[in-house]
Structures are given as structure tokens and as C-alpha cells.
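So this block is entry.cif, mmCIF, C-alpha atoms and all ligand atoms:
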```
data_my_file
loop_
_atom_site.label_atom_id
_atom_site.label_comp_id
_atom_site.auth_asym_id
_atom_site.auth_seq_id
_atom_site.Cartn_x
_atom_site.Cartn_y
_atom_site.Cartn_z
CA MET A 1 6.04 14.67 4.38
CA LYS A 2 5.93 15.82 7.91
CA THR A 3 7.40 13.57 10.44
CA PRO A 4 4.70 11.03 11.14
CA ASP A 5 3.68 10.73 14.72
CA ARG A 6 5.12 7.58 16.09
CA ALA A 7 2.58 4.80 16.27
CA ASP A 8 3.29 4.08 19.88
CA SER A 9 0.94 1.49 21.24
CA ALA A 10 -0.90 2.41 24.42
CA PRO A 11 0.75 1.17 27.60
CA PRO A 12 -0.75 -2.14 28.67
CA ARG A 13 -3.39 -1.71 31.32
CA THR A 14 -3.19 -4.16 34.16
CA PRO A 15 -6.45 -4.10 36.03
CA GLY A 16 -5.68 -4.17 39.74
CA PRO A 17 -8.04 -5.55 42.36
CA PRO A 18 -11.04 -3.24 42.79
CA GLY A 19 -10.75 -1.15 46.00
CA ARG A 20 -14.31 -1.76 47.21
CA LEU A 21 -13.64 -5.51 47.57
CA ARG A 22 -10.76 -5.13 49.99
CA ARG A 23 -12.89 -5.91 53.03
CA PHE A 24 -13.75 -9.36 51.70
CA ARG A 25 -11.62 -12.40 52.38
CA LEU A 26 -8.61 -12.97 50.21
CA GLN A 27 -10.03 -15.75 48.03
CA TRP A 28 -13.12 -13.68 47.27
CA ILE A 29 -10.93 -10.84 46.17
CA GLY A 30 -9.27 -13.23 43.77
CA ILE A 31 -12.54 -14.62 42.36
CA ALA A 32 -14.26 -11.26 42.12
CA GLY A 33 -11.15 -9.80 40.54
CA SER A 34 -11.08 -12.55 37.93
CA LEU A 35 -14.79 -12.11 37.16
CA LEU A 36 -14.38 -8.35 36.80
CA ASP A 37 -11.37 -8.95 34.65
CA ILE A 38 -13.35 -11.28 32.37
CA ALA A 39 -16.24 -8.80 32.24
CA ARG A 40 -13.84 -6.01 31.41
CA ARG A 41 -12.23 -8.03 28.65
CA GLN A 42 -15.65 -8.91 27.21
CA LEU A 43 -16.62 -5.25 27.30
CA ILE A 44 -13.42 -4.25 25.53
CA LYS A 45 -14.11 -6.93 22.93
CA LEU A 46 -17.68 -5.72 22.43
CA VAL A 47 -16.59 -2.10 22.09
CA ALA A 48 -13.94 -3.17 19.61
CA LEU A 49 -16.50 -5.15 17.61
CA ALA A 50 -18.97 -2.27 17.62
CA PHE A 51 -16.25 0.10 16.48
CA ALA A 52 -15.23 -2.31 13.74
CA GLY A 53 -18.84 -2.56 12.61
CA LEU A 54 -19.09 1.22 12.29
CA SER A 55 -15.92 1.53 10.29
CA ILE A 56 -16.66 0.57 6.73
CA ALA A 57 -13.26 1.47 5.37
CA HIS A 58 -11.56 -0.84 7.81
CA ALA A 59 -10.09 -4.16 6.82
CA GLN A 60 -11.35 -7.21 8.66
CA SER A 61 -8.53 -8.87 10.51
CA GLY A 62 -5.22 -7.28 9.69
CA GLY A 63 -2.30 -8.75 7.85
CA TYR A 64 -3.22 -7.30 4.49
CA ALA A 65 -0.81 -7.12 1.59
CA PHE A 66 -1.29 -4.12 -0.66
CA VAL A 67 -1.59 -4.47 -4.39
CA GLY A 68 -1.74 -0.74 -4.88
CA ILE A 69 -3.92 2.28 -5.54
CA ALA A 70 -5.77 2.98 -8.77
CA ASP A 71 -9.20 3.98 -9.97
CA TRP A 72 -10.09 0.33 -10.48
CA ASP A 73 -13.83 0.78 -11.07
CA ARG A 74 -13.38 3.97 -13.10
CA ASP A 75 -15.68 6.19 -11.04
CA ARG A 76 -12.93 8.84 -10.84
CA HIS A 77 -12.02 7.98 -7.26
CA GLN A 78 -8.81 6.21 -6.36
CA ASP A 79 -9.34 2.80 -4.77
CA ILE A 80 -7.24 0.42 -2.72
CA ILE A 81 -6.74 -3.20 -3.69
CA ALA A 82 -5.39 -5.53 -1.03
CA ARG A 83 -5.08 -9.23 -0.33
CA ASP A 84 -6.14 -10.69 2.99
CA ALA A 85 -4.41 -13.52 4.84
CA SER A 86 -6.58 -16.14 3.13
CA GLY A 87 -5.62 -15.04 -0.36
CA VAL A 88 -8.83 -13.14 -1.14
CA LEU A 89 -8.43 -9.95 -3.13
CA TRP A 90 -10.53 -6.99 -2.02
CA LEU A 91 -11.41 -3.69 -3.62
CA TYR A 92 -11.84 -0.80 -1.21
CA PRO A 93 -13.54 1.88 -3.27
CA GLY A 94 -12.30 5.34 -2.39
CA MET A 95 -14.38 8.50 -2.40
CA SER A 96 -11.65 11.13 -2.75
CA VAL A 97 -12.03 12.26 0.85
CA ARG A 98 -9.54 12.86 3.63
CA GLY A 99 -11.19 10.38 5.94
CA TYR A 100 -12.98 7.06 5.96
CA SER A 101 -14.68 6.01 2.76
CA GLN A 102 -18.32 4.98 3.13
CA ALA A 103 -18.22 2.59 0.18
CA GLN A 104 -18.43 -1.13 0.94
CA ARG A 105 -15.47 -3.30 0.10
CA VAL A 106 -15.99 -5.83 -2.69
CA GLN A 107 -14.31 -9.16 -3.30
CA ILE A 108 -12.61 -9.18 -6.69
CA GLY A 109 -10.53 -12.33 -6.53
CA ASN A 110 -9.31 -15.31 -4.55
CA GLY A 111 -6.42 -17.77 -4.57
CA TRP A 112 -3.85 -14.97 -4.51
CA ASN A 113 -1.65 -16.44 -1.79
CA GLY A 114 1.98 -16.55 -2.77
CA TYR A 115 1.80 -13.80 -5.35
CA ALA A 116 3.97 -10.69 -5.22
CA PHE A 117 2.42 -7.65 -6.81
CA ALA A 118 4.16 -5.36 -9.26
CA GLY A 119 1.28 -2.94 -9.24
CA ILE A 120 -1.90 -1.76 -10.89
CA ALA A 121 -1.84 -0.09 -14.29
CA ASP A 122 -3.56 -0.22 -17.65
CA TRP A 123 -0.86 -2.53 -18.96
CA ASP A 124 -2.57 -3.50 -22.25
CA ARG A 125 -4.00 -0.01 -22.80
CA ASP A 126 -7.60 -1.08 -23.26
CA GLY A 127 -8.87 1.58 -20.86
CA HIS A 128 -9.14 -0.75 -17.86
CA GLN A 129 -6.74 -1.01 -14.94
CA ASP A 130 -4.96 -4.37 -14.68
CA ILE A 131 -2.97 -6.19 -12.04
CA VAL A 132 0.58 -7.35 -12.71
CA ALA A 133 1.95 -9.98 -10.34
CA LYS A 134 4.47 -12.79 -10.18
CA ASP A 135 3.80 -16.26 -8.80
CA VAL A 136 6.07 -18.35 -6.57
CA ASN A 137 7.88 -19.76 -9.61
CA GLY A 138 8.83 -16.33 -10.89
CA ALA A 139 6.32 -16.27 -13.74
CA LEU A 140 4.87 -12.82 -14.42
CA TRP A 141 1.15 -12.57 -15.01
CA LEU A 142 -1.20 -9.96 -16.34
CA TYR A 143 -4.69 -9.99 -14.83
CA PRO A 144 -6.76 -7.84 -17.16
CA GLY A 145 -9.28 -5.70 -15.30
CA ALA A 146 -12.71 -4.70 -16.53
CA SER A 147 -13.33 -1.54 -14.46
CA LYS A 148 -15.95 -3.25 -12.34
CA ARG A 149 -16.56 -3.86 -8.66
CA GLY A 150 -16.29 -7.62 -8.84
CA TYR A 151 -14.44 -10.41 -10.56
CA SER A 152 -12.99 -9.59 -13.92
CA PRO A 153 -13.97 -11.97 -16.76
CA GLY A 154 -10.58 -11.59 -18.48
CA GLU A 155 -8.24 -14.58 -18.44
CA ARG A 156 -4.80 -14.07 -16.99
CA VAL A 157 -1.91 -13.99 -19.44
CA GLU A 158 1.74 -14.85 -18.85
CA ILE A 159 3.89 -11.86 -19.77
CA GLY A 160 7.26 -12.87 -18.35
CA ASN A 161 9.34 -15.37 -16.41
CA GLY A 162 12.51 -15.52 -14.33
CA TRP A 163 11.25 -12.88 -11.89
CA ALA A 164 11.81 -14.94 -8.75
CA GLY A 165 14.68 -12.90 -7.29
CA TYR A 166 13.25 -9.48 -8.09
CA THR A 167 11.61 -6.94 -5.84
CA PHE A 168 9.03 -4.80 -7.57
CA VAL A 169 9.17 -1.03 -7.34
CA GLY A 170 6.02 -0.54 -9.36
CA VAL A 171 4.40 -0.18 -12.75
CA THR A 172 4.21 3.13 -14.58
CA ASP A 173 5.13 4.71 -17.90
CA TRP A 174 8.64 5.55 -16.74
CA ASP A 175 10.08 6.54 -20.14
CA ARG A 176 6.90 8.29 -21.27
CA ASP A 177 6.50 6.46 -24.55
CA GLY A 178 2.84 5.72 -23.87
CA HIS A 179 3.43 2.17 -22.63
CA GLN A 180 3.42 1.04 -19.01
CA ASP A 181 6.75 -0.26 -17.74
CA ILE A 182 7.92 -2.31 -14.77
CA ILE A 183 10.72 -1.25 -12.46
CA ALA A 184 12.30 -3.88 -10.26
CA ARG A 185 15.41 -4.40 -8.13
CA ASP A 186 17.58 -7.50 -8.43
CA THR A 187 19.33 -9.24 -5.55
CA SER A 188 22.49 -7.15 -5.96
CA GLY A 189 20.63 -3.86 -5.55
CA VAL A 190 20.55 -2.91 -9.23
CA LEU A 191 17.41 -1.22 -10.47
CA TRP A 192 16.05 -2.29 -13.85
CA LEU A 193 13.50 -0.80 -16.21
CA TYR A 194 11.44 -3.31 -18.17
CA PRO A 195 9.79 -1.29 -20.93
CA GLY A 196 6.31 -2.50 -21.75
CA MET A 197 4.63 -2.42 -25.15
CA SER A 198 0.95 -2.38 -24.15
CA THR A 199 0.44 -5.97 -25.25
CA ARG A 200 -1.03 -9.01 -23.52
CA SER A 201 2.19 -10.96 -24.03
CA TYR A 202 5.94 -10.79 -23.50
CA SER A 203 7.47 -7.45 -24.30
CA SER A 204 10.34 -7.56 -26.79
CA ALA A 205 11.95 -4.40 -25.45
CA GLN A 206 15.30 -4.87 -23.75
CA ARG A 207 15.61 -4.15 -20.06
CA VAL A 208 17.74 -1.16 -19.06
CA GLU A 209 19.72 -0.47 -15.90
CA ILE A 210 18.52 2.72 -14.26
CA GLY A 211 20.18 2.60 -10.85
CA ASN A 212 22.33 0.73 -8.37
CA GLY A 213 23.00 0.65 -4.64
CA TRP A 214 19.31 0.09 -3.88
CA ALA A 215 19.78 -2.84 -1.51
CA GLY A 216 18.00 -2.26 1.78
CA TYR A 217 15.50 0.26 0.44
CA VAL A 218 11.78 -0.20 0.85
CA PHE A 219 9.81 1.20 -2.05
CA ALA A 220 6.76 3.36 -1.51
CA GLY A 221 6.00 3.42 -5.19
CA LEU A 222 6.21 5.27 -8.48
CA THR A 223 4.40 8.46 -9.34
CA ASP A 224 5.01 11.97 -10.61
CA TRP A 225 5.38 13.27 -7.08
CA ASP A 226 6.68 16.76 -7.90
CA ARG A 227 4.38 17.17 -10.89
CA ASP A 228 7.05 18.04 -13.43
CA GLY A 229 5.72 15.52 -15.92
CA HIS A 230 8.26 12.79 -15.09
CA GLN A 231 7.59 9.71 -13.01
CA ASP A 232 9.61 9.52 -9.79
CA ILE A 233 10.62 6.88 -7.27
CA ILE A 234 9.82 7.22 -3.58
CA ALA A 235 11.69 4.93 -1.23
CA ARG A 236 12.64 4.62 2.41
CA ASP A 237 16.17 3.87 3.55
CA THR A 238 17.16 1.67 6.49
CA SER A 239 17.00 4.58 8.94
CA GLY A 240 13.42 5.46 8.08
CA VAL A 241 14.18 8.48 5.89
CA LEU A 242 11.90 8.90 2.89
CA TRP A 243 13.57 9.93 -0.37
CA LEU A 244 12.30 11.28 -3.65
CA TYR A 245 14.27 10.17 -6.69
CA PRO A 246 13.08 12.51 -9.45
CA GLY A 247 12.84 10.73 -12.79
CA MET A 248 13.39 12.36 -16.17
CA SER A 249 11.50 9.97 -18.42
CA VAL A 250 14.68 8.39 -19.77
CA ARG A 251 15.72 4.77 -20.25
CA GLY A 252 18.78 5.12 -18.05
CA TYR A 253 20.09 6.81 -14.95
CA SER A 254 18.33 10.00 -13.97
CA PRO A 255 20.73 12.93 -13.43
CA ALA A 256 18.44 14.55 -10.85
CA ASP A 257 19.57 14.49 -7.24
CA ARG A 258 17.51 12.71 -4.65
CA VAL A 259 15.64 14.84 -2.10
CA GLN A 260 14.61 13.99 1.45
CA ILE A 261 10.84 14.27 1.84
CA GLY A 262 10.23 12.63 5.21
CA ASN A 263 11.63 10.78 8.17
CA GLY A 264 10.40 8.49 10.93
CA TRP A 265 8.91 6.02 8.42
CA SER A 266 10.66 2.89 9.70
CA THR A 267 7.62 0.97 10.90
CA TYR A 268 5.23 1.91 8.08
CA VAL A 269 4.04 -0.29 5.24
CA PHE A 270 3.24 1.59 2.05
CA SER A 271 3.85 -0.62 -0.97
CA ARG A 272 2.58 1.11 -4.10
CA LEU A 273 0.11 3.19 -2.11
CA ILE A 274 0.75 6.46 -3.89
CA GLY A 275 -1.91 8.35 -5.77
CA ASP A 276 -4.01 11.47 -5.58
CA TRP A 277 -6.30 9.97 -2.99
CA ASP A 278 -8.17 13.17 -2.06
CA ARG A 279 -8.16 14.47 -5.64
CA ASP A 280 -6.69 17.88 -4.86
CA GLY A 281 -4.18 17.56 -7.70
CA ASN A 282 -1.28 16.45 -5.49
CA LYS A 283 -0.06 12.90 -5.12
CA ASP A 284 -0.43 11.45 -1.64
CA ILE A 285 1.07 8.58 0.29
CA LEU A 286 -1.05 6.02 2.09
CA ALA A 287 0.64 3.92 4.73
CA LYS A 288 -0.33 1.60 7.52
CA ASP A 289 1.41 1.73 10.85
CA ALA A 290 2.38 -1.16 13.09
CA SER A 291 -1.07 -1.25 14.71
CA GLY A 292 -2.87 -1.61 11.37
CA THR A 293 -4.13 1.97 11.16
CA LEU A 294 -4.17 3.37 7.66
CA TRP A 295 -3.02 6.97 7.22
CA LEU A 296 -3.24 9.47 4.41
CA TYR A 297 -0.21 11.72 4.03
CA PRO A 298 -1.39 14.44 1.67
CA GLY A 299 1.36 15.52 -0.70
CA ALA A 300 1.98 19.04 -2.00
CA SER A 301 3.78 18.29 -5.29
CA THR A 302 7.04 19.67 -3.88
CA ARG A 303 10.56 18.29 -3.71
CA GLY A 304 10.56 18.45 0.06
CA TYR A 305 8.42 17.94 3.11
CA SER A 306 4.69 18.43 2.80
CA GLN A 307 3.10 20.65 5.47
CA ALA A 308 -0.27 18.91 5.32
CA GLN A 309 -1.31 16.95 8.39
CA ARG A 310 -1.77 13.22 8.13
CA VAL A 311 -5.34 11.90 8.39
CA GLN A 312 -6.58 8.50 9.54
CA ILE A 313 -8.55 6.79 6.79
CA GLY A 314 -8.85 3.23 8.01
CA ASN A 315 -8.04 0.65 10.65
CA GLY A 316 -7.68 -3.11 10.96
CA TRP A 317 -5.15 -3.30 8.13
CA CA A 401 -12.70 4.21 -8.10
CA CA A 402 6.86 3.18 -21.19
CA CA A 403 8.32 13.98 -11.36
CA CA A 404 -3.84 14.62 -3.07
#
```
Take the structure in the file and write it out as C-alpha cells.
Amino acid sequence: MKTPDRADSAPPRTPGPPGRLRRFRLQWIGIAGSLLDIARRQLIKLVALAFAGLSIAHAQSGGYAFVGIADWDRDRHQDIIARDASGVLWLYPGMSVRGYSQAQRVQIGNGWNGYAFAGIADWDRDGHQDIVAKDVNGALWLYPGASKRGYSPGERVEIGNGWAGYTFVGVTDWDRDGHQDIIARDTSGVLWLYPGMSTRSYSSAQRVEIGNGWAGYVFAGLTDWDRDGHQDIIARDTSGVLWLYPGMSVRGYSPADRVQIGNGWSTYVFSRLIGDWDRDGNKDILAKDASGTLWLYPGASTRGYSQAQRVQIGNGW
């Protein structure tokens, strides 16, 4: 990753009294100034609305929580799934481009307030991507997908409990046994692998410790970033440095050393937004900045910084 440009917000513009009105009496300056100010604000609002209307890939009002990236509708393009502030789940179909997608967003769920997402994966191995999430009581649920742009007819299934204190890293086949697994961090900073068994029920496989000292990290997600066939962890430390933790497909600690792949990521949100978004064969990172702009950081499958420039692919997130 190159150092992302800082998402500095534009300096606030304070409209001063218009020069042409200076010859009028003081109170008229005040009134005219206020009217111009109102007109200006309305104009800004209109321009903003028009811009929002043109941008199809934008989210509506900001404050979105990401579920993750996956080819949810199975059209070979990676898609974004996110929850809005009212608990509605939206599918933003991607088009494998380095820019805004022209596809309309589609509602695929509601009532998702309070859930924390583990990620999107074909958990039960039926060929459809599923959502794994925990509720406020710490129960873990599988929401079977149906590869469609709409509500899935599959009933949710409880696949775990006692997850209240855990922070999800993501879902992937970490140990490469053909079954999707969950990686999560407990409150003491220990990282655990929960091996899945591709069933719509509790997995009987024992959890395994695969790391420690992870308190304070923010996880970007799991993917085979360096394309060596092993799933890796990407996470940001408290100073905004982005690290690659190369996995080795084992149920235990990975002997590979971590590698710095970026810096300046402090203010970005990128939960589970890793995938080959532009379909050039390299995994990419999607992240939103503090102003709600969504950026694509094209990866280069290297254990180091990518030289590719970031591209804006959305706004209003
Ligand atoms: Ca898709
Ligand atoms: Ca597995
Ligand atoms: Ca790898
Ligand atoms: Ca890519």
C-alpha cells in the first residue's frame, strides 16, 4: 500500500458580507448577508443532492457498517454488503472496475441492528455465499445465502454461542482443509482459530490458539494477500501502520514474520473489505475515510507496499 493521502476535510468557508452591499445601511447589510447565506446554503445542498443522485455506487446517508466483500450474486464480480443505520442490509453489486459501479444497490435484509459480522463465506459449502454474524447475546448465526440480488429464502441457523467478548477477524479456510473457519480475538488479545466443518450447525472441531498480543489492532480482513496459497491476516496497529501477517495454512502459530505494507491508515474503516475488486488477479483493500469516501487500494500480491494509486469508488459511506 502506498501511503494514503490524508482525508483532510476542506477548510470551513465562512461567507463574508458581499462587497457590493457595503454602501447600504448596516441593517440591510445584515439582512442581505443572511439571505445570500441562506441562498448559498440551499445551492450547496442542491448541488450535493444532484451529485448524490448521479452517484449510484454511493451509500445514502453515511454511518454504514461493512459486512464484507464477496461475489454474493455469483456474477463473477465482487460485491459489497453493508448495513445502514436503520438496520437494513444492502448489496452493492460490483462490476470489477476501478471506479464507481453502475449497478443499483439492492436491499437483502432488515432488522440487523446490534449484529456484529464475522464475514461472508460459503460456510455450508452449498455453492452460495453466506453471512456469519453474532447477536447481542453472543449467539453465532449462519444466514445461508442463495446467490441472488434480494432476500435469501434460507432460514438462519445457530452455529455457536458465547461469542459476546470476541472481535471477529474474518471467515476463511485458514487451515486449508476445505472448510471455512472463523478467526477471532478474545478480550486478552489472544487470536483463536475456530475450524469449521461446512455444516449448518455447531462445529465439533476444537478451537486453536494462533496468536497473542493482538490487543489494540484493527483488522482489515483475511485473504491470501501475497498469493502464496496461504490465507493471511491484514491488520492496522495503533499508530496507523498496516501489517501483513503471512499465514501458512496451519492450526497454530505461523512462523512467518510480519511485513509492513502501509502506513497512515489511522482514520480508515476497512472491516473485511479485502478481495480482488478489479479482478486483475491481485487482492485489493477497500476502505472508507473519515468523510465517508470509499477508496480502492489495488494490491500487487507482494509482501510490501503496492505502487498502484488509490481510486475513489464511492461516497456517502
Ligand atoms: Ca457479484
Ligand atoms: Ca478450514
Ligand atoms: Ca498468503
Ligand atoms: Ca485486484
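The shortest atom-to-atom distance to ligand CA 402 (chain A), with only C-alpha atoms and all ligand atoms taken into account, belongs to A:Asp173 out of A:Asp173, A:Asp257, A:Asp126, A:Asp84.
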Shell around Arg156 of chain A at 9 Å using only C-alpha atoms, local window under 5 positions removed, as an MDAnalysis selection string: chainID A and resid 141:144
Kindly compile the residues surrounding ligand CA 403 (chain A) within 8 Å, counting all atoms listed in the file, and format them as a CSV table (one decimal) with C-alpha atoms, in the coordinates of the input.
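Produced file part-v8.csv, reproduced below:
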```csv
chain,number,residue,atom,x,y,z
A,223,THR,CA,4.4,8.5,-9.3
A,224,ASP,CA,5.0,12.0,-10.6
A,225,TRP,CA,5.4,13.3,-7.1
A,226,ASP,CA,6.7,16.8,-7.9
A,227,ARG,CA,4.4,17.2,-10.9
A,228,ASP,CA,7.0,18.0,-13.4
A,229,GLY,CA,5.7,15.5,-15.9
A,230,HIS,CA,8.3,12.8,-15.1
A,231,GLN,CA,7.6,9.7,-13.0
A,232,ASP,CA,9.6,9.5,-9.8
A,246,PRO,CA,13.1,12.5,-9.4
A,247,GLY,CA,12.8,10.7,-12.8
A,248,MET,CA,13.4,12.4,-16.2
```
Distance cut-off 6 Å, centre (-11.5, 7.0, 8.4) in file coordinates, counting only C-alpha atoms: which residues qualify? Return them as a VMD selection string. chain A and resid 99 to 100 312 to 314
Which protein, DNA or RNA residues have an atom within 12 Å of ligand CA 402 (chain A), counting only C-alpha atoms and all ligand atoms, as a ChimeraX atom specification? /A:121-125,171-183,193-199,203,205-208,230-231,249-251
